[in-house]
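Engineer: Below is my_file_14.cif; it holds mmCIF, C-alpha atoms and all ligand atoms.
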data_run
loop_
_atom_site.label_atom_id
_atom_site.label_comp_id
_atom_site.auth_asym_id
_atom_site.auth_seq_id
_atom_site.Cartn_x
_atom_site.Cartn_y
_atom_site.Cartn_z
CA MET A 1 51.55 123.56 101.16
CA PRO A 2 55.24 124.38 101.44
CA GLN A 3 56.87 123.67 104.80
CA LEU A 4 59.95 125.54 103.73
CA SER A 5 60.73 128.54 101.54
CA VAL A 6 64.25 128.69 100.21
CA VAL A 7 65.12 132.34 99.58
CA VAL A 8 67.88 132.99 97.06
CA PRO A 9 69.21 136.54 96.61
CA THR A 10 70.63 137.01 93.13
CA PHE A 11 72.58 139.57 91.22
CA ASN A 12 74.03 138.36 87.91
CA GLU A 13 73.63 134.69 88.70
CA SER A 14 71.97 133.50 85.49
CA ALA A 15 74.52 130.74 85.00
CA ASN A 16 73.93 129.33 88.50
CA VAL A 17 70.15 129.32 88.76
CA ALA A 18 69.39 126.01 87.06
CA GLU A 19 72.18 124.10 88.79
CA LEU A 20 71.16 125.44 92.20
CA HIS A 21 67.54 124.52 91.59
CA ARG A 22 68.54 121.02 90.50
CA ARG A 23 70.67 120.44 93.58
CA VAL A 24 68.16 121.91 96.03
CA ALA A 25 65.38 119.81 94.52
CA GLU A 26 67.55 116.74 94.92
CA ALA A 27 68.52 117.57 98.50
CA LEU A 28 64.95 118.36 99.56
CA ALA A 29 63.24 115.49 97.75
CA GLY A 30 60.58 114.24 100.16
CA SER A 31 59.75 117.63 101.73
CA ASP A 32 57.35 120.33 100.60
CA TRP A 33 59.31 123.38 99.64
CA GLU A 34 59.32 126.42 97.37
CA MET A 35 62.11 128.61 96.09
CA ILE A 36 61.90 132.40 96.03
CA PHE A 37 64.56 134.14 93.99
CA VAL A 38 64.96 137.83 94.79
CA ASP A 39 66.70 139.53 91.92
CA ASP A 40 67.70 143.18 91.72
CA ASP A 41 67.08 143.50 87.98
CA SER A 42 70.44 141.92 87.09
CA PRO A 43 71.89 143.06 83.76
CA ASP A 44 72.45 139.40 82.83
CA ALA A 45 68.67 138.85 82.99
CA THR A 46 68.76 136.43 85.92
CA ALA A 47 65.07 137.21 86.49
CA ASP A 48 64.17 135.90 83.02
CA THR A 49 66.14 132.74 83.68
CA VAL A 50 64.24 132.27 86.94
CA ARG A 51 60.85 132.87 85.30
CA ALA A 52 61.69 130.36 82.58
CA LEU A 53 62.48 127.86 85.33
CA ALA A 54 59.23 128.72 87.11
CA GLN A 55 57.36 127.79 83.92
CA GLN A 56 58.68 124.27 84.42
CA ASP A 57 58.48 124.07 88.21
CA PRO A 58 55.67 126.00 89.94
CA ARG A 59 57.56 125.77 93.24
CA VAL A 60 59.84 128.48 91.87
CA ARG A 61 59.02 132.18 92.11
CA CYS A 62 60.80 135.32 91.06
CA LEU A 63 60.62 138.53 93.05
CA GLN A 64 62.17 141.17 90.85
CA ARG A 65 63.13 144.50 92.39
CA ILE A 66 63.76 147.42 90.09
CA GLY A 67 65.93 150.40 90.99
CA ARG A 68 67.05 148.77 94.23
CA ARG A 69 70.19 147.01 95.40
CA GLY A 70 71.19 145.19 98.55
CA LEU A 71 71.73 141.66 99.69
CA ALA A 72 70.19 142.04 103.16
CA SER A 73 67.05 143.81 102.04
CA ALA A 74 66.62 141.27 99.24
CA CYS A 75 66.76 138.42 101.77
CA VAL A 76 64.32 140.18 104.08
CA GLU A 77 61.81 140.80 101.31
CA GLY A 78 62.11 137.21 100.11
CA MET A 79 61.49 135.89 103.61
CA LEU A 80 58.49 138.17 104.06
CA ALA A 81 57.04 136.94 100.76
CA SER A 82 56.97 133.40 102.14
CA SER A 83 53.88 131.73 103.51
CA ALA A 84 55.79 128.74 104.86
CA PRO A 85 56.48 128.45 108.60
CA ILE A 86 60.20 128.03 107.98
CA VAL A 87 62.49 129.95 105.64
CA ALA A 88 66.07 129.43 104.53
CA VAL A 89 68.55 131.77 102.87
CA ILE A 90 71.16 130.37 100.53
CA ASP A 91 73.50 132.05 98.02
CA ALA A 92 72.92 131.33 94.35
CA ASP A 93 76.55 130.61 93.53
CA LEU A 94 76.63 127.15 95.16
CA GLN A 95 79.22 128.15 97.74
CA HIS A 96 76.78 127.01 100.42
CA ASP A 97 76.27 123.27 100.70
CA GLU A 98 72.60 122.63 99.86
CA ARG A 99 72.87 119.10 101.32
CA LEU A 100 72.66 120.76 104.73
CA LEU A 101 69.10 121.97 104.04
CA PRO A 102 67.29 118.73 104.98
CA LYS A 103 69.31 118.46 108.19
CA MET A 104 68.48 122.04 109.11
CA LEU A 105 64.80 121.44 108.43
CA ALA A 106 64.74 118.21 110.43
CA LEU A 107 66.37 119.95 113.37
CA LEU A 108 63.84 122.81 113.40
CA GLN A 109 60.92 120.41 113.03
CA ALA A 110 62.18 118.16 115.84
CA GLU A 111 63.07 120.92 118.30
CA PRO A 112 60.43 123.63 118.73
CA ALA A 113 62.67 125.59 121.10
CA VAL A 114 65.24 126.24 118.37
CA ASP A 115 64.65 129.38 116.29
CA VAL A 116 67.57 129.39 113.88
CA VAL A 117 69.93 126.83 112.37
CA VAL A 118 73.11 128.29 110.95
CA GLY A 119 75.37 126.70 108.35
CA SER A 120 78.69 127.23 110.07
CA ARG A 121 82.24 127.32 108.72
CA TYR A 122 83.78 127.77 112.14
CA ILE A 123 82.73 124.70 114.07
CA GLU A 124 84.20 121.20 114.03
CA GLY A 125 83.60 119.71 110.61
CA GLY A 126 83.21 123.05 108.82
CA GLY A 127 85.71 125.01 106.78
CA THR A 128 86.36 127.96 104.50
CA GLY A 129 87.65 125.94 101.54
CA ASP A 130 90.50 127.63 99.78
CA TRP A 131 89.95 131.15 100.99
CA ALA A 132 93.02 133.36 101.00
CA ALA A 133 94.50 133.77 104.49
CA SER A 134 93.74 137.51 104.36
CA ARG A 135 90.05 136.96 103.76
CA GLU A 136 89.91 134.35 106.50
CA HIS A 137 91.57 136.77 108.94
CA MET A 138 89.18 139.53 108.03
CA SER A 139 86.20 137.27 108.47
CA ARG A 140 87.37 136.09 111.88
CA TRP A 141 88.07 139.64 113.00
CA ALA A 142 84.65 140.82 111.87
CA THR A 143 83.17 137.86 113.72
CA LYS A 144 84.85 138.95 116.97
CA LEU A 145 83.55 142.48 116.52
CA SER A 146 80.05 141.18 115.99
CA GLN A 147 79.96 139.37 119.32
CA ALA A 148 79.73 142.83 120.87
CA VAL A 149 76.36 143.33 119.21
CA ILE A 150 74.57 140.02 119.48
CA LYS A 151 73.60 138.27 122.64
CA ALA A 152 73.58 134.79 121.12
CA ASP A 153 76.76 132.74 121.22
CA VAL A 154 77.28 131.98 117.54
CA GLN A 155 80.56 130.84 116.00
CA ASP A 156 79.65 131.97 112.48
CA PRO A 157 77.29 134.95 112.75
CA MET A 158 78.55 136.19 109.37
CA SER A 159 77.19 133.15 107.60
CA GLY A 160 74.90 133.91 104.70
CA PHE A 161 73.45 130.40 104.96
CA PHE A 162 70.78 129.69 107.57
CA MET A 163 67.23 128.53 108.26
CA ILE A 164 64.83 130.33 110.59
CA ARG A 165 61.21 130.32 111.70
CA GLN A 166 59.24 132.87 109.71
CA PRO A 167 57.59 134.58 112.75
CA ALA A 168 61.07 135.24 114.17
CA VAL A 169 61.97 137.09 110.98
CA LEU A 170 58.83 139.17 111.19
CA ALA A 171 59.56 140.07 114.82
CA SER A 172 63.08 141.21 114.02
CA VAL A 173 61.98 143.25 111.04
CA ARG A 174 59.26 144.88 113.15
CA ALA A 175 61.76 145.64 115.90
CA GLY A 176 63.82 147.59 113.39
CA MET A 177 66.43 145.65 111.48
CA SER A 178 68.80 147.91 109.65
CA ALA A 179 68.77 145.68 106.52
CA VAL A 180 71.74 147.51 105.06
CA GLY A 181 74.82 145.64 103.95
CA PHE A 182 75.11 141.91 103.69
CA LYS A 183 75.28 140.58 107.25
CA ILE A 184 71.69 139.52 107.25
CA LEU A 185 71.92 136.84 109.94
CA LEU A 186 73.77 139.08 112.35
CA ASP A 187 71.21 141.77 111.71
CA LEU A 188 68.31 139.37 112.42
CA LEU A 189 69.89 138.16 115.66
CA ALA A 190 70.77 141.65 116.87
CA ALA A 191 67.35 143.12 116.15
CA SER A 192 65.31 140.30 117.66
CA PRO A 193 63.21 141.45 120.62
CA ARG A 194 64.11 138.25 122.50
CA PRO A 195 67.37 136.29 122.30
CA LEU A 196 66.99 133.69 119.56
CA VAL A 197 67.98 130.10 120.20
CA VAL A 198 70.63 129.22 117.63
CA ARG A 199 72.10 125.90 116.57
CA GLU A 200 74.97 125.50 114.17
CA LEU A 201 75.64 122.72 111.67
CA PRO A 202 79.03 122.49 109.98
CA TYR A 203 79.65 122.73 106.25
CA GLU A 204 82.58 123.39 103.98
CA PHE A 205 82.40 126.69 102.06
CA ARG A 206 82.84 125.87 98.36
CA ASN A 207 84.12 127.74 95.34
CA ARG A 208 81.75 129.68 93.18
CA PHE A 209 80.10 127.61 90.44
CA ALA A 210 79.95 130.45 87.86
CA GLY A 211 80.17 134.24 87.83
CA GLU A 212 81.93 136.46 90.31
CA SER A 213 81.49 137.87 93.82
CA LYS A 214 79.54 141.11 94.30
CA LEU A 215 81.01 142.01 97.62
CA ASP A 216 83.63 144.74 97.21
CA THR A 217 85.48 146.84 99.77
CA SER A 218 82.48 149.04 100.47
CA VAL A 219 80.89 146.11 102.30
CA MET A 220 83.32 146.83 105.12
CA TRP A 221 81.87 150.28 105.40
CA GLU A 222 78.36 148.84 105.34
CA TYR A 223 79.32 146.43 108.06
CA ALA A 224 80.56 149.27 110.27
CA ILE A 225 77.35 151.17 109.58
CA MET A 226 75.27 148.16 110.53
CA LEU A 227 77.12 147.75 113.85
CA LEU A 228 76.68 151.47 114.52
CA ASP A 229 73.02 151.12 113.73
CA HIS A 230 72.58 148.46 116.38
CA TRP A 231 74.45 150.54 118.92
CA PHE A 232 72.97 154.01 118.28
CA GLY A 233 70.40 153.43 115.59
CA ARG A 234 67.41 153.96 117.87
CA LEU A 235 68.59 157.50 118.56
CA ILE A 236 70.13 158.77 115.36
CA PRO A 237 69.44 157.53 111.84
CA VAL A 238 72.49 155.65 110.61
CA ARG A 239 72.45 157.37 107.28
CA PHE A 240 72.84 160.61 109.16
CA ILE A 241 75.89 159.23 110.97
CA ALA A 242 77.37 158.14 107.65
CA PHE A 243 76.52 161.48 106.08
CA THR A 244 78.16 163.31 108.97
CA LEU A 245 81.30 161.16 108.80
CA VAL A 246 81.58 161.94 105.11
CA GLY A 247 81.00 165.61 105.93
CA GLY A 248 83.84 165.53 108.46
CA LEU A 249 86.09 164.08 105.80
CA GLY A 250 84.93 166.85 103.46
CA LEU A 251 86.03 169.45 105.98
CA LEU A 252 89.53 167.96 105.98
CA VAL A 253 89.58 168.01 102.18
CA HIS A 254 88.40 171.61 102.24
CA MET A 255 91.17 172.68 104.62
CA ALA A 256 93.81 170.80 102.64
CA VAL A 257 92.83 172.40 99.32
CA LEU A 258 92.55 175.82 100.93
CA ALA A 259 95.97 175.53 102.55
CA LEU A 260 97.54 174.28 99.33
CA LEU A 261 96.14 177.08 97.16
CA PHE A 262 96.26 179.98 99.60
CA LYS A 263 99.35 179.19 101.66
CA GLY A 264 101.06 177.90 98.55
CA GLY A 265 100.50 181.30 96.98
CA PHE A 266 98.51 180.00 94.00
CA ALA A 267 95.33 181.97 94.66
CA SER A 268 93.78 184.72 96.74
CA PHE A 269 91.94 183.68 99.88
CA VAL A 270 88.52 184.11 98.32
CA THR A 271 89.40 182.16 95.18
CA ALA A 272 91.11 179.45 97.23
CA GLN A 273 88.07 179.26 99.52
CA ALA A 274 85.72 178.98 96.55
CA VAL A 275 87.78 176.22 94.91
CA ALA A 276 88.09 174.36 98.22
CA THR A 277 84.32 174.54 98.74
CA PHE A 278 83.70 173.21 95.25
CA VAL A 279 86.19 170.35 95.61
CA ALA A 280 84.90 169.38 99.07
CA MET A 281 81.25 169.44 97.97
CA THR A 282 81.97 167.34 94.92
CA GLY A 283 84.03 164.92 97.00
CA ASN A 284 81.22 164.65 99.54
CA PHE A 285 78.70 164.02 96.82
CA VAL A 286 80.81 161.25 95.31
CA LEU A 287 81.39 159.59 98.68
CA ASN A 288 77.79 159.86 99.80
CA ASN A 289 76.62 158.50 96.49
CA TRP A 290 79.06 155.61 96.78
CA LEU A 291 78.65 154.73 100.45
CA THR A 292 75.80 156.46 102.28
CA TYR A 293 73.37 155.91 99.41
CA ARG A 294 74.95 152.78 97.99
CA ASP A 295 71.49 151.27 97.61
CA ARG A 296 70.24 154.23 95.57
CA ARG A 297 73.42 155.06 93.71
CA LEU A 298 72.92 157.66 90.99
CA LYS A 299 74.42 157.07 87.56
CA GLY A 300 74.63 158.88 84.21
CA TRP A 301 72.35 161.91 83.94
CA GLY A 302 70.94 161.11 87.34
CA TRP A 303 74.44 161.52 88.72
CA LEU A 304 74.83 164.94 87.13
CA ARG A 305 71.43 166.09 88.31
CA GLY A 306 72.20 164.71 91.76
CA TRP A 307 75.51 166.55 91.87
CA ILE A 308 73.83 169.85 90.92
CA SER A 309 71.06 169.49 93.49
CA PHE A 310 73.57 168.41 96.14
CA THR A 311 75.75 171.45 95.47
CA LEU A 312 72.77 173.82 95.55
CA VAL A 313 71.35 172.34 98.74
CA CYS A 314 74.72 172.36 100.50
CA SER A 315 75.32 175.97 99.50
CA VAL A 316 72.10 176.91 101.23
CA GLY A 317 73.25 174.74 104.17
CA ALA A 318 76.51 176.66 104.32
CA LEU A 319 74.65 179.98 104.33
CA ALA A 320 72.37 178.72 107.11
CA ASN A 321 75.42 177.57 109.05
CA VAL A 322 77.23 180.91 108.78
CA GLY A 323 74.01 182.88 109.30
CA LEU A 324 72.95 181.07 112.45
CA ALA A 325 76.44 181.04 113.95
CA GLY A 326 76.86 184.78 113.28
CA TRP A 327 73.44 185.60 114.67
CA LEU A 328 74.04 183.64 117.87
CA PHE A 329 77.49 185.11 118.32
CA ARG A 330 76.65 188.75 117.58
CA GLU A 331 73.07 189.19 118.73
CA HIS A 332 73.07 186.82 121.66
CA SER A 333 76.75 186.86 122.65
CA VAL A 334 76.84 183.08 122.70
CA TRP A 335 80.37 181.78 123.13
CA TRP A 336 82.04 181.53 119.67
CA GLY A 337 82.66 177.79 119.96
CA ALA A 338 79.04 177.02 120.77
CA SER A 339 77.85 179.34 118.00
CA ALA A 340 80.04 177.55 115.49
CA VAL A 341 78.88 174.10 116.60
CA ALA A 342 75.24 175.18 116.38
CA GLY A 343 75.88 176.51 112.88
CA VAL A 344 77.60 173.34 111.73
CA LEU A 345 74.84 171.16 113.22
CA ILE A 346 72.01 173.05 111.62
CA GLY A 347 73.92 172.99 108.31
CA ALA A 348 74.45 169.24 108.58
CA VAL A 349 70.83 168.52 109.46
CA TRP A 350 69.63 170.73 106.61
CA ASN A 351 72.01 169.15 104.09
CA TYR A 352 71.09 165.67 105.20
CA ALA A 353 67.33 166.13 105.31
CA VAL A 354 67.04 168.00 102.04
CA THR A 355 69.48 165.95 99.95
CA ALA A 356 67.82 162.77 101.25
CA VAL A 357 64.66 163.93 99.49
CA TYR A 358 65.90 165.94 96.52
CA THR A 359 69.15 164.23 95.61
CA TRP A 360 68.65 160.56 96.43
CA ASN A 361 64.96 159.90 96.68
CA ARG A 362 63.92 160.31 93.12
CA LYS A 363 64.15 157.60 90.53
CA GLY A 364 66.51 157.59 87.59
N1 LIG B 1 69.26 140.61 95.19
C1 LIG B 1 70.57 140.85 95.42
N2 LIG B 1 71.00 142.14 95.50
N3 LIG B 1 71.43 139.82 95.56
C2 LIG B 1 72.73 140.09 95.77
C3 LIG B 1 73.24 141.40 95.86
C4 LIG B 1 72.31 142.49 95.71
O1 LIG B 1 72.64 143.66 95.77
N4 LIG B 1 74.58 141.33 96.09
C5 LIG B 1 74.87 140.01 96.13
N5 LIG B 1 73.77 139.26 95.92
C6 LIG B 1 73.66 137.80 95.89
C7 LIG B 1 74.62 137.10 94.95
O2 LIG B 1 74.08 136.98 93.66
C8 LIG B 1 74.80 135.77 95.64
O3 LIG B 1 73.76 134.86 95.34
C9 LIG B 1 74.72 136.12 97.11
O4 LIG B 1 74.00 137.34 97.19
C10 LIG B 1 76.12 136.27 97.76
O5 LIG B 1 76.88 137.20 97.04
P1 LIG B 1 78.42 136.95 96.70
O6 LIG B 1 78.86 138.08 95.85
O7 LIG B 1 78.61 135.56 96.17
O8 LIG B 1 79.06 137.10 98.16
P2 LIG B 1 80.30 136.34 98.83
O9 LIG B 1 80.41 134.94 98.36
O10 LIG B 1 81.48 137.21 98.75
O11 LIG B 1 79.81 136.36 100.37
C11 LIG B 1 78.93 135.37 100.83
O12 LIG B 1 79.57 134.64 101.80
C12 LIG B 1 79.88 135.38 102.98
C13 LIG B 1 80.60 134.50 103.90
O13 LIG B 1 79.73 133.49 104.35
C14 LIG B 1 77.64 135.96 101.40
O14 LIG B 1 76.76 134.90 101.72
C15 LIG B 1 77.86 136.74 102.67
O15 LIG B 1 76.61 137.10 103.25
C16 LIG B 1 78.61 135.88 103.63
O16 LIG B 1 78.94 136.62 104.77
MN MN B 2 79.55 133.91 96.89
#
Would you write the structure of this file as structure tokens?

Structural biologist:
Amino acid sequence: MPQLSVVVPTFNESANVAELHRRVAEALAGSDWEMIFVDDDSPDATADTVRALAQQDPRVRCLQRIGRRGLASACVEGMLASSAPIVAVIDADLQHDERLLPKMLALLQAEPAVDVVVGSRYIEGGGTGDWAASREHMSRWATKLSQAVIKADVQDPMSGFFMIRQPAVLASVRAGMSAVGFKILLDLLAASPRPLVVRELPYEFRNRFAGESKLDTSVMWEYAIMLLDHWFGRLIPVRFIAFTLVGGLGLLVHMAVLALLFKGGFASFVTAQAVATFVAMTGNFVLNNWLTYRDRRLKGWGWLRGWISFTLVCSVGALANVGLAGWLFREHSVWWGASAVAGVLIGAVWNYAVTAVYTWNRKG
């Protein structure tokens, strides 16, 4: 019976799997553990590598997700697949020091009041290795921002390396974790129905063993969305906030193109308006596909089909917007400003609700 499940999210980590397994097995010799790899159908066939390993060591399992992406949701699903009372999350690339695992486990087993043990870079004895100063600054800044969301006093809430009691995970997920982005620990702490008792143990962040990092600039956007989710998420779906922000940007694009073409004397108003609409819709589609629906990003033919459905749906949204605003203004003499806002809102809700189903919810 495993006392501990070690959850490892992977995307293109084939070259790290065996080495990680070897080191974890060495570190945890003497305890009962299992390892759950959660792979998002990596092109480098990480899942096959894991299954081959599982043929040699039955403590290893592979949870392969197809058509899905996301570090946080992968960790959550791995932790929920565990039947051990304690679960850990560790990156596959060996940047996290696996020798901390037995200390984390011992601490949780000795102190029932503690819920989470965090591998921390920002306490005495820890460090960020040879991170560039810019990345270190960004990480520290993001850490400050996060203290506004979580109640617990944690020095390294952005750590991707921690150990937690399984029931605490379940409670947070039930209470509505956002599970977008990659700040899984922060998300767990923020969503927990009761403040979790956290301890931190220091470790030195290492260099990647093989492969490269998956976290690009859009993780900053995801981070902002996650914070927003914890602030307003109970009231308004965060995807809707993201969708609306993108829409606001689209309006600026629209006005810029319109001004350029019409004021610049390149086209009549109607032509300029049509081109501006087209450019703004396409821009919105690209941005929403990249950020709002990062986890369901459309590619290839799916992209083209998505773009067509998005354009069609938003055209109807625009008609509904103009129709409702005009009706309120003319038939009910509602103040023009309020009429316009009502039109824009109904258009946004329509666009969001319908594209969520028709543009991004289908496979392929
Ligand atoms: N299943 C799955 N799906 N795994 C993923 C995905 C995904 O979409 N994206 C990344 N991973 C896996 C990687 O394969 C790796 O094992 C781990 O998640 C971390 O990804 P990296 O790309 O190595 O991230 P990093 O090193 O830049 O960031 C890490 O350190 C930060 C600082 O502590 C992560 O642990 C962050 O969560 C952490 O904040
Ligand atoms: Mn890494």

Engineer: If I take CA of Ala175 in chain A and CA of Val219 in chain A, how far is one from the other in Å, to one decimal?

Structural biologist: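 We find that CA of Ala175 in chain A and CA of Val219 in chain A lie 23.5 Å from each other.
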
Engineer: Compile the contact shell of Phe285 in chain A as a PyMOL selection string: residues with an atom at most 10 Å away, counting only C-alpha atoms, same-chain residues fewer than 2 positions apart removed.

Structural biologist: chain A and resi 243+246-247+250+279-283+287-292+303+306-311+314+355+359

Engineer: When you draw a straight line from CA of Asn12 in chain A to CA of Ser42 in chain A, how long is it in Å?

Structural biologist: 5.1 Å

Engineer: CA of Ile150 in chain A to CA of Val116 in chain A: how many Å, to one decimal?

Structural biologist: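 Separation between CA of Ile150 in chain A and CA of Val116 in chain A: 13.9 Å.
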
Engineer: Using all atoms listed in the file, which residues of chain A come within 12 Å of ligand MN 2 (chain B), and what is the closest atom pair for each, with the distance in Å to one decimal? Give it as JSON lines, sorted by chain and residue number.

Structural biologist:
{"residue": "A:Val8", "atom": "CA", "partner": "B:MN2", "partner_atom": "MN", "distance": 11.7}
{"residue": "A:Pro9", "atom": "CA", "partner": "B:MN2", "partner_atom": "MN", "distance": 10.7}
{"residue": "A:Thr10", "atom": "CA", "partner": "B:MN2", "partner_atom": "MN", "distance": 10.2}
{"residue": "A:Phe11", "atom": "CA", "partner": "B:MN2", "partner_atom": "MN", "distance": 10.6}
{"residue": "A:Asn12", "atom": "CA", "partner": "B:MN2", "partner_atom": "MN", "distance": 11.4}
{"residue": "A:Glu13", "atom": "CA", "partner": "B:MN2", "partner_atom": "MN", "distance": 10.1}
{"residue": "A:Asn16", "atom": "CA", "partner": "B:MN2", "partner_atom": "MN", "distance": 11.1}
{"residue": "A:Leu71", "atom": "CA", "partner": "B:MN2", "partner_atom": "MN", "distance": 11.4}
{"residue": "A:Ile90", "atom": "CA", "partner": "B:MN2", "partner_atom": "MN", "distance": 9.8}
{"residue": "A:Asp91", "atom": "CA", "partner": "B:MN2", "partner_atom": "MN", "distance": 6.4}
{"residue": "A:Ala92", "atom": "CA", "partner": "B:MN2", "partner_atom": "MN", "distance": 7.6}
{"residue": "A:Asp93", "atom": "CA", "partner": "B:MN2", "partner_atom": "MN", "distance": 5.6}
{"residue": "A:Leu94", "atom": "CA", "partner": "B:MN2", "partner_atom": "MN", "distance": 7.6}
{"residue": "A:Gln95", "atom": "CA", "partner": "B:MN2", "partner_atom": "MN", "distance": 5.8}
{"residue": "A:His96", "atom": "CA", "partner": "B:MN2", "partner_atom": "MN", "distance": 8.2}
{"residue": "A:Asp97", "atom": "CA", "partner": "B:MN2", "partner_atom": "MN", "distance": 11.8}
{"residue": "A:Thr128", "atom": "CA", "partner": "B:MN2", "partner_atom": "MN", "distance": 11.8}
{"residue": "A:Trp131", "atom": "CA", "partner": "B:MN2", "partner_atom": "MN", "distance": 11.5}
{"residue": "A:Ser159", "atom": "CA", "partner": "B:MN2", "partner_atom": "MN", "distance": 11.0}
{"residue": "A:Gly160", "atom": "CA", "partner": "B:MN2", "partner_atom": "MN", "distance": 9.1}
{"residue": "A:Phe161", "atom": "CA", "partner": "B:MN2", "partner_atom": "MN", "distance": 10.7}
{"residue": "A:Phe182", "atom": "CA", "partner": "B:MN2", "partner_atom": "MN", "distance": 11.4}
{"residue": "A:Phe205", "atom": "CA", "partner": "B:MN2", "partner_atom": "MN", "distance": 9.3}
{"residue": "A:Arg206", "atom": "CA", "partner": "B:MN2", "partner_atom": "MN", "distance": 8.8}
{"residue": "A:Asn207", "atom": "CA", "partner": "B:MN2", "partner_atom": "MN", "distance": 7.8}
{"residue": "A:Arg208", "atom": "CA", "partner": "B:MN2", "partner_atom": "MN", "distance": 6.0}
{"residue": "A:Phe209", "atom": "CA", "partner": "B:MN2", "partner_atom": "MN", "distance": 9.0}
{"residue": "A:Ala210", "atom": "CA", "partner": "B:MN2", "partner_atom": "MN", "distance": 9.7}
{"residue": "A:Gly211", "atom": "CA", "partner": "B:MN2", "partner_atom": "MN", "distance": 9.1}
{"residue": "A:Glu212", "atom": "CA", "partner": "B:MN2", "partner_atom": "MN", "distance": 7.4}
{"residue": "A:Ser213", "atom": "CA", "partner": "B:MN2", "partner_atom": "MN", "distance": 5.4}
{"residue": "A:Lys214", "atom": "CA", "partner": "B:MN2", "partner_atom": "MN", "distance": 7.7}
{"residue": "A:Leu215", "atom": "CA", "partner": "B:MN2", "partner_atom": "MN", "distance": 8.3}
{"residue": "A:Asp216", "atom": "CA", "partner": "B:MN2", "partner_atom": "MN", "distance": 11.6}

Engineer: Identify which of the residues A:Val89, A:Val357, A:Val344, A:Leu252 lies closest to Glu77 in chain A, counting all atoms listed in the file when measuring atom-to-atom distances.

Structural biologist: A:Val89

Engineer: Would you kindly identify which residues have an atom no farther than 6 Å from (77.3, 136.5, 108.7), using only C-alpha atoms and the file's own coordinates, and write them out as a list of chain:residue names?

Structural biologist: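 Those residues lying close to the given coordinates are A:Pro157, A:Met158, A:Ser159, A:Gly160, A:Lys183, A:Leu185, A:Leu186.
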
Engineer: Find the residue from A:Val118, A:Ala190, A:Val173, A:Ala74 that sits nearest to ligand LIG 1 (chain B); use only C-alpha atoms and all ligand atoms when measuring.

Structural biologist: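 For ligand LIG 1 (chain B), the nearest of the candidates is A:Ala74.
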
Engineer: Identify which of the residues A:Ser192, A:Gln109, A:Asn321, A:Gln64 lies closest to Ser172 in chain A, counting only C-alpha atoms when measuring atom-to-atom distances.

Structural biologist: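 Among the listed residues, A:Ser192 lies closest to Ser172 in chain A.
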
Engineer: Taking all listed atoms of range 135-150 of chain A, build the axis-aligned box, pad each of the six sides by 6 Å, then write its centre and edge lengths in Å to one decimal as JSON.

Structural biologist:
{"center_x": 83.1, "center_y": 138.8, "center_z": 112.3, "size_x": 29.0, "size_y": 21.0, "size_z": 29.1}

Engineer: Can you work out which one of A:Asp229, A:Glu136, A:Asp44, A:Glu124 has the shortest atom-to-atom distance to Glu204 in chain A, counting all atoms listed in the file?

Structural biologist: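 Closest candidate: A:Glu124.
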
Engineer: So, with all atoms listed in the file as the atoms that count, which of A:Arg51, A:Arg23, A:Arg194, A:Arg121 lies closest to ligand LIG 1 (chain B)?

Structural biologist: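 Of A:Arg51, A:Arg23, A:Arg194, A:Arg121, the one nearest ligand LIG 1 (chain B), counting all atoms listed in the file, is A:Arg121.
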
Engineer: Find the residues around Trp33 in chain A up to 7 Å (only C-alpha atoms counted), leave out those fewer than 3 positions away in its own chain, and share them as a VMD selection string.

Structural biologist: chain A and resid 2 to 5

Engineer: Nearest to ligand LIG 1 (chain B) among A:Glu98, A:Glu26, A:Asp32, A:Asp156, with distances taken over all atoms listed in the file: which residue is it?

Structural biologist: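 Residue with the minimum atom-to-atom distance to ligand LIG 1 (chain B): A:Asp156.
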
Engineer: Which residues come within 7 Å of Ala272 in chain A, counting all atoms listed in the file, excluding same-chain residues fewer than 3 positions away, as an MDAnalysis selection string?

Structural biologist: chainID A and resid 258 261:262 267:269 275:276

Engineer: Dig up all the protein and nucleic acid residues within 9 Å of (61.1, 136.9, 115.1) in the file frame, using all atoms listed in the file, and format them as a list in words.

Structural biologist: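 Output of the proximity query reads Asp115, Ile164, Arg165, Gln166, Pro167, Ala168, Val169, Leu170, Ala171, Ser172, Val173, Arg174, Ala175, Leu188, Leu189, Ala191, Ser192, Pro193, Arg194 and Leu196 of chain A.
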
Engineer: Residues within 12 Å of Met104 in chain A, please, as a count of residues only. Count only C-alpha atoms; anything in the same chain fewer than 2 positions from it doesn't count.

Structural biologist: 38
